[in-house]
Amino acid sequence: HVANAPADGYTVLFLGGGSMTPVLYKDLKFDILKSLKPVICIARGGMTFMTSGALPASNFKEFVDYARRNPGKLNYSHTAGSIVLSTEMLRSAAGFEAVAVPYKGSSQVMTALIANEVQMGIDVPYQYLPMIREGKIRALVHGGQERSPSLPDVPTLAELGMGDILFAVSY
C-alpha cells in the first residue's frame with residue numbers, strides 16, 4: 001500500500017528494526033529500496049548477546065568454550081527473523097551449536113533466560129538491564145558499532161575480532 005501511495009507526505013510507514021521483506025518475499029511487486037524513501041531515523045543502536053546467569057561463563061570466550069564442550073545442549077531465543085539471522089551468523093562464526101526456540105516477546109525471553117529454559121538470546125538490552133545488574137542474565141557482547149552507553153563494560157563484536165558481524169538496529 002505504502003509503495004503505491006502518492007509521494008505527498010500523507011502516507012507514512014514506520015519500519016522498526018530493519019526489514020527482511022525482500023528476503024522473505026521473492027515476488028515483491030516493487031523494489032523496497034527504490035520505492036520507499038527514508039525520512040528520519042528515530043533511534044540507532046545495537047542488540048546485545050545475553051546468556052542465562054546460570055551458565056558458568058562470565059565472558060564471550062568462556063561462553064564459546066562452554067558451548068563447544070556441550071553440543072546439542074544449548075537453546076537460543078528469538079522473537080523475529082532478524083534475531084534468528086543474527087544468532088545464526090554469530091553461532092556459525094564462533095563455531096558452536098544451538099537450537100532456535102521462538103517466543104512471542106521480550107518479556108517471555110527474559111523469563112526463559114532467568115529460568116535457563118534458553119541459554120542465550122539477542123535483543124535490545126534496555127528492558128533486561130535490571131536482570132543484568134542482578135546477575136540473573138549476563139550481557140556478554142554488544143552488536144552495535146560502539147559500546148552501549150547502558151552497558152559500557154560489555155565489549156562489541158568488533159573488539160572481540162568479529163567486526164564483520166553487526167546486530168545493529170535503527171528506527
# chains A, B, ... in the order shown; residues from 1 in each chain; ligands from 1
>>> residues_around(residues="Ala57 (chain A)", least_positions_apart="5", cutoff="8 Å", atoms="only C-alpha atoms", output="short mmCIF file (atom, residue, chain, number, x, y, z; two decimals) with N, CA, C and O atoms, in the first residue's frame")
data_model
loop_
_atom_site.label_atom_id
_atom_site.label_comp_id
_atom_site.auth_asym_id
_atom_site.auth_seq_id
_atom_site.Cartn_x
_atom_site.Cartn_y
_atom_site.Cartn_z
N GLU A 62 34.58 -17.52 27.34
CA GLU A 62 34.18 -18.61 28.23
C GLU A 62 32.88 -19.25 27.75
O GLU A 62 32.72 -20.48 27.82
N PHE A 63 31.95 -18.42 27.25
CA PHE A 63 30.70 -18.97 26.74
C PHE A 63 30.95 -19.88 25.54
O PHE A 63 30.41 -20.98 25.45
N TYR A 66 32.39 -23.13 26.59
CA TYR A 66 31.35 -23.94 27.21
C TYR A 66 30.42 -24.52 26.14
O TYR A 66 30.08 -25.72 26.18
#
>>> select_by_dssp(residues="region 2-133 of chain A", states="strand (DSSP E)", output="PDB file with N, CA and C atoms, in the first residue's frame")
ATOM      1  N   ARG A  44      19.042   4.712  16.852  1.00  0.00           N
ATOM      2  CA  ARG A  44      20.010   3.789  16.253  1.00  0.00           C
ATOM      3  C   ARG A  44      20.818   3.165  17.387  1.00  0.00           C
ATOM      4  N   GLY A  45      21.117   1.910  17.237  1.00  0.00           N
ATOM      5  CA  GLY A  45      21.888   1.234  18.275  1.00  0.00           C
ATOM      6  C   GLY A  45      22.182  -0.199  17.882  1.00  0.00           C
ATOM      7  N   GLY A  46      22.282  -1.034  18.877  1.00  0.00           N
ATOM      8  CA  GLY A  46      22.575  -2.427  18.613  1.00  0.00           C
ATOM      9  C   GLY A  46      21.901  -3.332  19.613  1.00  0.00           C
ATOM     10  N   THR A  48      22.190  -6.860  21.986  1.00  0.00           N
ATOM     11  CA  THR A  48      23.215  -7.447  22.835  1.00  0.00           C
ATOM     12  C   THR A  48      23.014  -8.950  22.937  1.00  0.00           C
ATOM     13  N   PHE A  49      24.115  -9.700  22.911  1.00  0.00           N
ATOM     14  CA  PHE A  49      24.092 -11.142  23.115  1.00  0.00           C
ATOM     15  C   PHE A  49      24.134 -11.382  24.621  1.00  0.00           C
ATOM     16  N   MET A  50      23.099 -12.059  25.124  1.00  0.00           N
ATOM     17  CA  MET A  50      22.965 -12.292  26.560  1.00  0.00           C
ATOM     18  C   MET A  50      22.838 -13.780  26.838  1.00  0.00           C
ATOM     19  N   THR A  51      23.246 -14.180  28.029  1.00  0.00           N
ATOM     20  CA  THR A  51      23.113 -15.575  28.433  1.00  0.00           C
ATOM     21  C   THR A  51      22.415 -15.660  29.779  1.00  0.00           C
ATOM     22  N   SER A  52      21.969 -16.856  30.069  1.00  0.00           N
ATOM     23  CA  SER A  52      21.402 -17.130  31.385  1.00  0.00           C
ATOM     24  C   SER A  52      22.495 -16.970  32.432  1.00  0.00           C
ATOM     25  N   ASN A  75      20.034 -23.849  23.794  1.00  0.00           N
ATOM     26  CA  ASN A  75      18.929 -23.263  23.038  1.00  0.00           C
ATOM     27  C   ASN A  75      19.091 -21.754  23.033  1.00  0.00           C
ATOM     28  N   TYR A  76      18.596 -21.127  21.973  1.00  0.00           N
ATOM     29  CA  TYR A  76      18.564 -19.663  21.953  1.00  0.00           C
ATOM     30  C   TYR A  76      17.163 -19.174  21.629  1.00  0.00           C
ATOM     31  N   SER A  77      16.838 -18.034  22.192  1.00  0.00           N
ATOM     32  CA  SER A  77      15.518 -17.436  21.988  1.00  0.00           C
ATOM     33  C   SER A  77      15.514 -16.565  20.747  1.00  0.00           C
ATOM     34  N   HIS A  78      14.305 -16.395  20.190  1.00  0.00           N
ATOM     35  CA  HIS A  78      14.136 -15.398  19.134  1.00  0.00           C
ATOM     36  C   HIS A  78      12.687 -14.948  19.097  1.00  0.00           C
ATOM     37  N   VAL A  99      19.961 -24.559  19.307  1.00  0.00           N
ATOM     38  CA  VAL A  99      18.650 -24.747  18.700  1.00  0.00           C
ATOM     39  C   VAL A  99      17.804 -23.499  18.932  1.00  0.00           C
ATOM     40  N   ALA A 100      17.133 -23.032  17.904  1.00  0.00           N
ATOM     41  CA  ALA A 100      16.274 -21.849  17.989  1.00  0.00           C
ATOM     42  C   ALA A 100      14.944 -22.194  18.646  1.00  0.00           C
ATOM     43  N   VAL A 101      14.517 -21.339  19.591  1.00  0.00           N
ATOM     44  CA  VAL A 101      13.232 -21.508  20.265  1.00  0.00           C
ATOM     45  C   VAL A 101      12.468 -20.191  20.128  1.00  0.00           C
ATOM     46  N   PRO A 102      11.306 -20.205  19.455  1.00  0.00           N
ATOM     47  CA  PRO A 102      10.565 -18.962  19.250  1.00  0.00           C
ATOM     48  C   PRO A 102       9.792 -18.516  20.490  1.00  0.00           C
ATOM     49  N   MET A 120      20.729 -18.574  25.790  1.00  0.00           N
ATOM     50  CA  MET A 120      21.235 -17.353  25.173  1.00  0.00           C
ATOM     51  C   MET A 120      20.138 -16.672  24.372  1.00  0.00           C
ATOM     52  N   GLY A 121      20.327 -15.386  24.141  1.00  0.00           N
ATOM     53  CA  GLY A 121      19.407 -14.619  23.332  1.00  0.00           C
ATOM     54  C   GLY A 121      20.041 -13.314  22.899  1.00  0.00           C
ATOM     55  N   ILE A 122      19.545 -12.792  21.808  1.00  0.00           N
ATOM     56  CA  ILE A 122      19.988 -11.492  21.306  1.00  0.00           C
ATOM     57  C   ILE A 122      18.771 -10.585  21.299  1.00  0.00           C
ATOM     58  N   ASP A 123      18.921  -9.405  21.882  1.00  0.00           N
ATOM     59  CA  ASP A 123      17.803  -8.469  21.931  1.00  0.00           C
ATOM     60  C   ASP A 123      18.347  -7.079  22.260  1.00  0.00           C
TER      61      ASP A 123
END
>>> select_by_dssp(residues="region 6-117 of chain A", states="alpha helix (DSSP H)", output="PDB file with N, CA, C and O atoms, in the first residue's frame")
ATOM      1  N   THR A  21      11.770  -8.077   4.477  1.00  0.00           N
ATOM      2  CA  THR A  21      10.775  -8.286   3.437  1.00  0.00           C
ATOM      3  C   THR A  21      11.377  -8.784   2.126  1.00  0.00           C
ATOM      4  O   THR A  21      10.877  -9.764   1.560  1.00  0.00           O
ATOM      5  N   PRO A  22      12.445  -8.185   1.595  1.00  0.00           N
ATOM      6  CA  PRO A  22      12.991  -8.686   0.327  1.00  0.00           C
ATOM      7  C   PRO A  22      13.527 -10.119   0.420  1.00  0.00           C
ATOM      8  O   PRO A  22      13.551 -10.839  -0.561  1.00  0.00           O
ATOM      9  N   VAL A  23      13.928 -10.525   1.597  1.00  0.00           N
ATOM     10  CA  VAL A  23      14.436 -11.879   1.777  1.00  0.00           C
ATOM     11  C   VAL A  23      13.278 -12.869   1.881  1.00  0.00           C
ATOM     12  O   VAL A  23      13.336 -13.976   1.344  1.00  0.00           O
ATOM     13  N   LEU A  24      12.212 -12.464   2.559  1.00  0.00           N
ATOM     14  CA  LEU A  24      11.088 -13.360   2.805  1.00  0.00           C
ATOM     15  C   LEU A  24      10.128 -13.466   1.623  1.00  0.00           C
ATOM     16  O   LEU A  24       9.468 -14.479   1.452  1.00  0.00           O
ATOM     17  N   ILE A  32      11.911  -2.447  -2.703  1.00  0.00           N
ATOM     18  CA  ILE A  32      11.739  -1.746  -1.426  1.00  0.00           C
ATOM     19  C   ILE A  32      12.737  -0.594  -1.268  1.00  0.00           C
ATOM     20  O   ILE A  32      12.416   0.443  -0.706  1.00  0.00           O
ATOM     21  N   LEU A  33      13.936  -0.759  -1.780  1.00  0.00           N
ATOM     22  CA  LEU A  33      14.957   0.286  -1.644  1.00  0.00           C
ATOM     23  C   LEU A  33      14.720   1.465  -2.579  1.00  0.00           C
ATOM     24  O   LEU A  33      15.139   2.585  -2.299  1.00  0.00           O
ATOM     25  N   LYS A  34      14.044   1.230  -3.715  1.00  0.00           N
ATOM     26  CA  LYS A  34      13.773   2.309  -4.661  1.00  0.00           C
ATOM     27  C   LYS A  34      12.397   2.929  -4.466  1.00  0.00           C
ATOM     28  O   LYS A  34      12.204   4.108  -4.725  1.00  0.00           O
ATOM     29  N   SER A  35      11.437   2.129  -4.004  1.00  0.00           N
ATOM     30  CA  SER A  35      10.067   2.608  -3.880  1.00  0.00           C
ATOM     31  C   SER A  35       9.792   3.340  -2.572  1.00  0.00           C
ATOM     32  O   SER A  35       8.837   4.098  -2.485  1.00  0.00           O
ATOM     33  N   PHE A  60      32.414 -13.724  26.711  1.00  0.00           N
ATOM     34  CA  PHE A  60      32.068 -14.407  25.469  1.00  0.00           C
ATOM     35  C   PHE A  60      32.996 -15.588  25.184  1.00  0.00           C
ATOM     36  O   PHE A  60      32.545 -16.635  24.749  1.00  0.00           O
ATOM     37  N   LYS A  61      34.284 -15.451  25.449  1.00  0.00           N
ATOM     38  CA  LYS A  61      35.222 -16.555  25.212  1.00  0.00           C
ATOM     39  C   LYS A  61      34.857 -17.759  26.074  1.00  0.00           C
ATOM     40  O   LYS A  61      34.826 -18.894  25.594  1.00  0.00           O
ATOM     41  N   GLU A  62      34.578 -17.516  27.343  1.00  0.00           N
ATOM     42  CA  GLU A  62      34.175 -18.609  28.228  1.00  0.00           C
ATOM     43  C   GLU A  62      32.882 -19.254  27.749  1.00  0.00           C
ATOM     44  O   GLU A  62      32.717 -20.476  27.821  1.00  0.00           O
ATOM     45  N   PHE A  63      31.953 -18.420  27.249  1.00  0.00           N
ATOM     46  CA  PHE A  63      30.700 -18.973  26.738  1.00  0.00           C
ATOM     47  C   PHE A  63      30.954 -19.880  25.539  1.00  0.00           C
ATOM     48  O   PHE A  63      30.408 -20.984  25.453  1.00  0.00           O
ATOM     49  N   VAL A  64      31.751 -19.416  24.586  1.00  0.00           N
ATOM     50  CA  VAL A  64      32.023 -20.215  23.390  1.00  0.00           C
ATOM     51  C   VAL A  64      32.712 -21.527  23.779  1.00  0.00           C
ATOM     52  O   VAL A  64      32.353 -22.596  23.260  1.00  0.00           O
ATOM     53  N   ASP A  65      33.657 -21.472  24.681  1.00  0.00           N
ATOM     54  CA  ASP A  65      34.310 -22.696  25.157  1.00  0.00           C
ATOM     55  C   ASP A  65      33.280 -23.653  25.759  1.00  0.00           C
ATOM     56  O   ASP A  65      33.276 -24.851  25.472  1.00  0.00           O
ATOM     57  N   TYR A  66      32.394 -23.126  26.589  1.00  0.00           N
ATOM     58  CA  TYR A  66      31.345 -23.936  27.209  1.00  0.00           C
ATOM     59  C   TYR A  66      30.421 -24.525  26.143  1.00  0.00           C
ATOM     60  O   TYR A  66      30.084 -25.719  26.181  1.00  0.00           O
ATOM     61  N   ALA A  67      30.007 -23.694  25.191  1.00  0.00           N
ATOM     62  CA  ALA A  67      29.094 -24.148  24.134  1.00  0.00           C
ATOM     63  C   ALA A  67      29.721 -25.255  23.287  1.00  0.00           C
ATOM     64  O   ALA A  67      29.057 -26.226  22.934  1.00  0.00           O
ATOM     65  N   ARG A  68      30.985 -25.120  22.971  1.00  0.00           N
ATOM     66  CA  ARG A  68      31.667 -26.146  22.174  1.00  0.00           C
ATOM     67  C   ARG A  68      31.795 -27.465  22.944  1.00  0.00           C
ATOM     68  O   ARG A  68      31.782 -28.526  22.349  1.00  0.00           O
ATOM     69  N   ARG A  69      31.931 -27.393  24.254  1.00  0.00           N
ATOM     70  CA  ARG A  69      32.035 -28.609  25.080  1.00  0.00           C
ATOM     71  C   ARG A  69      30.670 -29.264  25.316  1.00  0.00           C
ATOM     72  O   ARG A  69      30.599 -30.383  25.812  1.00  0.00           O
ATOM     73  N   GLY A  81      12.684 -12.807  12.799  1.00  0.00           N
ATOM     74  CA  GLY A  81      13.633 -13.396  11.845  1.00  0.00           C
ATOM     75  C   GLY A  81      15.003 -12.752  11.887  1.00  0.00           C
ATOM     76  O   GLY A  81      16.021 -13.423  11.711  1.00  0.00           O
ATOM     77  N   SER A  82      15.052 -11.451  12.163  1.00  0.00           N
ATOM     78  CA  SER A  82      16.342 -10.770  12.225  1.00  0.00           C
ATOM     79  C   SER A  82      17.187 -11.289  13.387  1.00  0.00           C
ATOM     80  O   SER A  82      18.416 -11.340  13.295  1.00  0.00           O
ATOM     81  N   ILE A  83      16.541 -11.715  14.466  1.00  0.00           N
ATOM     82  CA  ILE A  83      17.277 -12.265  15.606  1.00  0.00           C
ATOM     83  C   ILE A  83      17.794 -13.659  15.275  1.00  0.00           C
ATOM     84  O   ILE A  83      18.922 -14.006  15.643  1.00  0.00           O
ATOM     85  N   VAL A  84      16.992 -14.451  14.568  1.00  0.00           N
ATOM     86  CA  VAL A  84      17.469 -15.770  14.127  1.00  0.00           C
ATOM     87  C   VAL A  84      18.691 -15.598  13.236  1.00  0.00           C
ATOM     88  O   VAL A  84      19.716 -16.262  13.426  1.00  0.00           O
ATOM     89  N   LEU A  85      18.603 -14.687  12.284  1.00  0.00           N
ATOM     90  CA  LEU A  85      19.716 -14.448  11.368  1.00  0.00           C
ATOM     91  C   LEU A  85      20.963 -13.995  12.136  1.00  0.00           C
ATOM     92  O   LEU A  85      22.062 -14.510  11.921  1.00  0.00           O
ATOM     93  N   SER A  86      20.808 -13.054  13.053  1.00  0.00           N
ATOM     94  CA  SER A  86      21.944 -12.571  13.848  1.00  0.00           C
ATOM     95  C   SER A  86      22.567 -13.695  14.662  1.00  0.00           C
ATOM     96  O   SER A  86      23.795 -13.853  14.704  1.00  0.00           O
ATOM     97  N   THR A  87      21.722 -14.489  15.323  1.00  0.00           N
ATOM     98  CA  THR A  87      22.235 -15.571  16.161  1.00  0.00           C
ATOM     99  C   THR A  87      22.915 -16.637  15.322  1.00  0.00           C
ATOM    100  O   THR A  87      23.982 -17.142  15.700  1.00  0.00           O
ATOM    101  N   GLU A  88      22.346 -16.957  14.190  1.00  0.00           N
ATOM    102  CA  GLU A  88      22.951 -17.983  13.334  1.00  0.00           C
ATOM    103  C   GLU A  88      24.291 -17.511  12.768  1.00  0.00           C
ATOM    104  O   GLU A  88      25.229 -18.301  12.647  1.00  0.00           O
ATOM    105  N   MET A  89      24.398 -16.232  12.433  1.00  0.00           N
ATOM    106  CA  MET A  89      25.678 -15.703  11.962  1.00  0.00           C
ATOM    107  C   MET A  89      26.729 -15.802  13.057  1.00  0.00           C
ATOM    108  O   MET A  89      27.859 -16.233  12.819  1.00  0.00           O
ATOM    109  N   LEU A  90      26.361 -15.415  14.271  1.00  0.00           N
ATOM    110  CA  LEU A  90      27.285 -15.474  15.401  1.00  0.00           C
ATOM    111  C   LEU A  90      27.644 -16.915  15.730  1.00  0.00           C
ATOM    112  O   LEU A  90      28.805 -17.251  15.938  1.00  0.00           O
ATOM    113  N   ARG A  91      26.652 -17.776  15.771  1.00  0.00           N
ATOM    114  CA  ARG A  91      26.861 -19.187  16.079  1.00  0.00           C
ATOM    115  C   ARG A  91      27.814 -19.825  15.074  1.00  0.00           C
ATOM    116  O   ARG A  91      28.765 -20.513  15.440  1.00  0.00           O
ATOM    117  N   SER A  92      27.597 -19.558  13.807  1.00  0.00           N
ATOM    118  CA  SER A  92      28.442 -20.107  12.752  1.00  0.00           C
ATOM    119  C   SER A  92      29.872 -19.573  12.848  1.00  0.00           C
ATOM    120  O   SER A  92      30.840 -20.334  12.755  1.00  0.00           O
ATOM    121  N   ALA A  93      30.013 -18.274  13.050  1.00  0.00           N
ATOM    122  CA  ALA A  93      31.352 -17.664  13.133  1.00  0.00           C
ATOM    123  C   ALA A  93      32.125 -18.153  14.350  1.00  0.00           C
ATOM    124  O   ALA A  93      33.337 -18.360  14.281  1.00  0.00           O
ATOM    125  N   ALA A  94      31.426 -18.354  15.474  1.00  0.00           N
ATOM    126  CA  ALA A  94      32.095 -18.779  16.710  1.00  0.00           C
ATOM    127  C   ALA A  94      32.250 -20.302  16.790  1.00  0.00           C
ATOM    128  O   ALA A  94      33.026 -20.792  17.608  1.00  0.00           O
ATOM    129  N   SER A 106       9.786 -10.058  24.185  1.00  0.00           N
ATOM    130  CA  SER A 106      10.981  -9.963  25.016  1.00  0.00           C
ATOM    131  C   SER A 106      10.743 -10.321  26.475  1.00  0.00           C
ATOM    132  O   SER A 106      11.632 -10.840  27.146  1.00  0.00           O
ATOM    133  N   SER A 107       9.554 -10.049  27.002  1.00  0.00           N
ATOM    134  CA  SER A 107       9.301 -10.386  28.404  1.00  0.00           C
ATOM    135  C   SER A 107       9.331 -11.904  28.607  1.00  0.00           C
ATOM    136  O   SER A 107       9.833 -12.383  29.632  1.00  0.00           O
ATOM    137  N   GLN A 108       8.843 -12.664  27.623  1.00  0.00           N
ATOM    138  CA  GLN A 108       8.918 -14.124  27.702  1.00  0.00           C
ATOM    139  C   GLN A 108      10.358 -14.602  27.576  1.00  0.00           C
ATOM    140  O   GLN A 108      10.768 -15.550  28.241  1.00  0.00           O
ATOM    141  N   VAL A 109      11.136 -13.930  26.740  1.00  0.00           N
ATOM    142  CA  VAL A 109      12.552 -14.270  26.582  1.00  0.00           C
ATOM    143  C   VAL A 109      13.284 -14.036  27.897  1.00  0.00           C
ATOM    144  O   VAL A 109      14.079 -14.868  28.337  1.00  0.00           O
ATOM    145  N   MET A 110      13.008 -12.905  28.548  1.00  0.00           N
ATOM    146  CA  MET A 110      13.667 -12.593  29.811  1.00  0.00           C
ATOM    147  C   MET A 110      13.378 -13.695  30.843  1.00  0.00           C
ATOM    148  O   MET A 110      14.292 -14.176  31.515  1.00  0.00           O
ATOM    149  N   THR A 111      12.131 -14.096  30.942  1.00  0.00           N
ATOM    150  CA  THR A 111      11.750 -15.152  31.879  1.00  0.00           C
ATOM    151  C   THR A 111      12.458 -16.463  31.542  1.00  0.00           C
ATOM    152  O   THR A 111      12.947 -17.167  32.433  1.00  0.00           O
ATOM    153  N   ALA A 112      12.520 -16.787  30.259  1.00  0.00           N
ATOM    154  CA  ALA A 112      13.165 -18.036  29.831  1.00  0.00           C
ATOM    155  C   ALA A 112      14.665 -18.019  30.101  1.00  0.00           C
ATOM    156  O   ALA A 112      15.243 -19.048  30.477  1.00  0.00           O
ATOM    157  N   LEU A 113      15.313 -16.872  29.930  1.00  0.00           N
ATOM    158  CA  LEU A 113      16.741 -16.762  30.244  1.00  0.00           C
ATOM    159  C   LEU A 113      16.986 -16.929  31.742  1.00  0.00           C
ATOM    160  O   LEU A 113      17.900 -17.642  32.154  1.00  0.00           O
ATOM    161  N   ILE A 114      16.168 -16.281  32.549  1.00  0.00           N
ATOM    162  CA  ILE A 114      16.328 -16.380  34.006  1.00  0.00           C
ATOM    163  C   ILE A 114      16.128 -17.829  34.464  1.00  0.00           C
ATOM    164  O   ILE A 114      16.863 -18.327  35.315  1.00  0.00           O
TER     165      ILE A 114
END
>>> closest_residue(among="A:Leu160, A:Ala3, A:Ala54, A:Ala98", to="Leu28 (chain A)", atoms="only C-alpha atoms")
A:Ala3
>>> closest_residue(among="A:His142, A:Arg147, A:Lys136, A:His1", to="Gln119 (chain A)", atoms="only C-alpha atoms")
A:Lys136
>>> closest_residue(among="A:Gly143, A:Gly95, A:Gly135, A:Pro71", to="Met47 (chain A)", atoms="only C-alpha atoms")
A:Gly143
>>> atom_distance(atom1="CA of Ala115 (chain A)", atom2="CA of Gly72 (chain A)")
18.5 Å
>>> residues_around(residues="Gly163 (chain A)", least_positions_apart="6", cutoff="10 Å", atoms="only C-alpha atoms", output="list in words")
Gly143, Gly144, Gln145, Thr156 and Leu157 of chain A
